[in-house]
Amino acid sequence: MNDKLSFTVKGKVWRYPGPAGWYFVNLNRRDSARVRKLPLAKTVAWGYVRVKAKLGETAWDTTLFPAKGQIYMVAIKAAERKKEGIEAGDVARIEITVESASPFPSQR
């Protein structure tokens with residue numbers, strides 16, 4: 001049985017400093033705690049959690065990055081930012097869906 005957690009992140013877009021800085025929006029503490037509690041969340045290296053994100057009409061697969069203070073942040077890829085006209089300092093509304101992994105491989 002797969003569990004899903006869906007919520008909307010609304011926050012200011014910020015740019016990580018550096019020559020190829022990524023753009024992020026932070027999740028609030030409540031949603032971050034809900035992600036951490038999701039059984040069998042699909043995680044990859046360093047505690048990243050795989051999710052589906054949607055900004056405006058643009059959807060993509062990405063990960064939530066764990067950050068200081070027990071929160072997660074979601075990266076907005078350059079292609080998606082450009083399609084939606086998003087820049088650092090803008091407020092973005094991103095729909096997030098976290099799917100848990102099945103405890104057993106699917107049998108087909």
# chains A, B, ... in the order shown; residues from 1 in each chain; ligands from 1
call {"tool": "residues_around", "arguments": {"residues": "Glu95 of chain A", "least_positions_apart": "5", "cutoff": "9 Å", "atoms": "only C-alpha atoms", "output": "ChimeraX atom specification"}}
result
/A:6-10,52-56,59
call {"tool": "select_by_dssp", "arguments": {"residues": "segment 4-73 of chain A", "states": "strand (DSSP E or B)", "output": "NGL selection string"}}
result
:A and (4-12 or 14-15 or 23-26 or 41 or 43 or 49-55 or 58-67 or 71-73)
call {"tool": "write_last_selection", "arguments": {"atoms": "N, CA, C and O atoms", "output": "compact mmCIF listing (two decimals), in the first residue's frame"}}
result
# COMPACT_ATOMS: atom_id res chain seq x y z
N LYS A 4 0.38 8.72 0.32
CA LYS A 4 0.73 9.97 -0.34
C LYS A 4 0.52 11.11 0.63
O LYS A 4 -0.37 11.07 1.46
N LEU A 5 1.35 12.11 0.47
CA LEU A 5 1.21 13.33 1.23
C LEU A 5 1.29 14.47 0.23
O LEU A 5 2.26 14.57 -0.50
N SER A 6 0.25 15.28 0.15
CA SER A 6 0.23 16.42 -0.75
C SER A 6 0.00 17.70 0.04
O SER A 6 -0.81 17.71 0.98
N PHE A 7 0.70 18.74 -0.33
CA PHE A 7 0.53 20.04 0.32
C PHE A 7 1.07 21.11 -0.60
O PHE A 7 1.72 20.83 -1.61
N THR A 8 0.79 22.35 -0.28
CA THR A 8 1.25 23.48 -1.07
C THR A 8 2.25 24.29 -0.26
O THR A 8 1.99 24.61 0.90
N VAL A 9 3.37 24.58 -0.88
CA VAL A 9 4.40 25.42 -0.28
C VAL A 9 4.23 26.81 -0.88
O VAL A 9 4.14 26.97 -2.10
N LYS A 10 4.17 27.80 -0.02
CA LYS A 10 4.10 29.18 -0.49
C LYS A 10 5.19 29.94 0.24
O LYS A 10 5.20 29.99 1.47
N GLY A 11 6.13 30.49 -0.51
CA GLY A 11 7.22 31.19 0.14
C GLY A 11 8.06 31.98 -0.84
O GLY A 11 7.90 31.87 -2.06
N LYS A 12 8.96 32.75 -0.26
CA LYS A 12 9.85 33.59 -1.06
C LYS A 12 10.96 32.74 -1.67
O LYS A 12 11.56 31.91 -1.00
N TRP A 14 14.56 32.08 -2.95
CA TRP A 14 15.89 32.62 -2.62
C TRP A 14 16.94 31.85 -3.40
O TRP A 14 16.74 30.71 -3.79
N ARG A 15 18.06 32.51 -3.64
CA ARG A 15 19.15 31.93 -4.42
C ARG A 15 20.31 31.58 -3.51
O ARG A 15 20.77 32.42 -2.74
N TYR A 23 18.04 27.87 -6.87
CA TYR A 23 16.95 28.65 -6.30
C TYR A 23 16.06 27.72 -5.49
O TYR A 23 15.74 26.62 -5.93
N PHE A 24 15.64 28.18 -4.31
CA PHE A 24 14.88 27.35 -3.39
C PHE A 24 13.70 28.10 -2.81
O PHE A 24 13.68 29.33 -2.76
N VAL A 25 12.75 27.31 -2.28
CA VAL A 25 11.70 27.79 -1.41
C VAL A 25 11.70 26.86 -0.20
O VAL A 25 11.76 25.63 -0.36
N ASN A 26 11.68 27.43 1.01
CA ASN A 26 11.68 26.63 2.24
C ASN A 26 10.27 26.16 2.57
O ASN A 26 9.31 26.92 2.43
N ALA A 41 9.09 6.93 3.20
CA ALA A 41 9.26 7.98 2.18
C ALA A 41 10.42 7.62 1.28
O ALA A 41 11.43 7.08 1.72
N THR A 43 13.56 8.05 -0.19
CA THR A 43 14.70 8.92 0.05
C THR A 43 15.87 8.48 -0.80
O THR A 43 15.98 7.33 -1.22
N VAL A 49 14.35 13.67 -0.19
CA VAL A 49 13.09 12.94 -0.37
C VAL A 49 12.57 13.24 -1.77
O VAL A 49 12.41 14.40 -2.15
N ARG A 50 12.30 12.18 -2.52
CA ARG A 50 11.79 12.35 -3.89
C ARG A 50 10.33 12.82 -3.87
O ARG A 50 9.51 12.29 -3.11
N VAL A 51 10.04 13.80 -4.72
CA VAL A 51 8.69 14.36 -4.78
C VAL A 51 8.35 14.73 -6.22
O VAL A 51 9.22 14.80 -7.09
N LYS A 52 7.08 15.00 -6.43
CA LYS A 52 6.60 15.63 -7.67
C LYS A 52 6.23 17.04 -7.28
O LYS A 52 5.60 17.26 -6.25
N ALA A 53 6.66 18.01 -8.10
CA ALA A 53 6.38 19.42 -7.82
C ALA A 53 5.65 20.03 -9.00
O ALA A 53 5.83 19.63 -10.15
N LYS A 54 4.81 21.02 -8.69
CA LYS A 54 4.09 21.74 -9.75
C LYS A 54 4.07 23.22 -9.38
O LYS A 54 3.64 23.59 -8.28
N LEU A 55 4.54 24.04 -10.30
CA LEU A 55 4.58 25.49 -10.15
C LEU A 55 3.83 26.07 -11.33
O LEU A 55 4.28 25.91 -12.48
N THR A 58 3.69 24.16 -14.76
CA THR A 58 4.90 23.39 -14.98
C THR A 58 5.08 22.36 -13.86
O THR A 58 5.10 22.72 -12.69
N ALA A 59 5.24 21.09 -14.23
CA ALA A 59 5.44 20.01 -13.25
C ALA A 59 6.76 19.31 -13.54
O ALA A 59 7.19 19.21 -14.68
N TRP A 60 7.40 18.83 -12.46
CA TRP A 60 8.67 18.11 -12.62
C TRP A 60 8.91 17.22 -11.42
O TRP A 60 8.31 17.40 -10.37
N ASP A 61 9.79 16.24 -11.59
CA ASP A 61 10.24 15.38 -10.48
C ASP A 61 11.46 16.04 -9.87
O ASP A 61 12.35 16.51 -10.59
N THR A 62 11.53 16.05 -8.54
CA THR A 62 12.65 16.68 -7.86
C THR A 62 12.80 16.05 -6.48
O THR A 62 12.21 15.01 -6.21
N THR A 63 13.60 16.65 -5.65
CA THR A 63 13.77 16.18 -4.28
C THR A 63 13.63 17.34 -3.31
O THR A 63 13.88 18.49 -3.67
N LEU A 64 13.23 17.00 -2.08
CA LEU A 64 13.27 17.96 -0.99
C LEU A 64 14.63 17.80 -0.33
O LEU A 64 15.06 16.69 -0.05
N PHE A 65 15.31 18.91 -0.09
CA PHE A 65 16.63 18.91 0.53
C PHE A 65 16.48 19.17 2.02
O PHE A 65 15.82 20.14 2.40
N PRO A 66 17.08 18.34 2.88
CA PRO A 66 17.05 18.65 4.31
C PRO A 66 17.92 19.87 4.59
O PRO A 66 18.98 20.02 3.99
N ALA A 67 17.45 20.73 5.47
CA ALA A 67 18.19 21.95 5.80
C ALA A 67 18.30 22.09 7.31
O ALA A 67 17.69 21.33 8.06
N ILE A 71 13.98 21.65 8.78
CA ILE A 71 13.07 21.93 7.67
C ILE A 71 13.63 21.33 6.38
O ILE A 71 14.79 20.94 6.31
N TYR A 72 12.78 21.27 5.39
CA TYR A 72 13.19 20.90 4.05
C TYR A 72 13.06 22.12 3.16
O TYR A 72 12.35 23.08 3.49
N MET A 73 13.73 22.06 2.02
CA MET A 73 13.58 23.10 1.01
C MET A 73 13.46 22.41 -0.34
O MET A 73 13.96 21.31 -0.55
call {"tool": "closest_residue", "arguments": {"among": "A:Arg93, A:Gly85, A:Glu80, A:Glu57", "to": "Leu27 of chain A", "atoms": "only C-alpha atoms"}}
result
A:Arg93
call {"tool": "closest_residue", "arguments": {"among": "A:Val91, A:Gln70, A:Ala75, A:Arg81", "to": "Asp31 of chain A", "atoms": "only C-alpha atoms"}}
result
A:Gln70
call {"tool": "closest_residue", "arguments": {"among": "A:Tyr16, A:Tyr48, A:Arg29, A:Trp22", "to": "Gly69 of chain A", "atoms": "only C-alpha atoms"}}
result
A:Arg29
call {"tool": "closest_residue", "arguments": {"among": "A:Ala20, A:Val13, A:Val98, A:Ala92", "to": "Arg36 of chain A", "atoms": "only C-alpha atoms"}}
result
A:Val98
call {"tool": "atom_distance", "arguments": {"atom1": "atom CA of Lys37 of chain A", "atom2": "atom CA of Ile76 of chain A"}}
result
23.8 Å
call {"tool": "select_by_dssp", "arguments": {"residues": "chain A", "states": "helix (DSSP H, G or I)", "output": "list in words"}}
result
Arg29, Arg30, Asp31, Ser32, Ala33, Arg34, Val35, Arg36, Lys37, Ala45, Trp46, Gly47, Lys68, Gly69, Gln70, Ala78, Ala79, Glu80, Arg81, Lys82, Lys83 and Glu84 of chain A
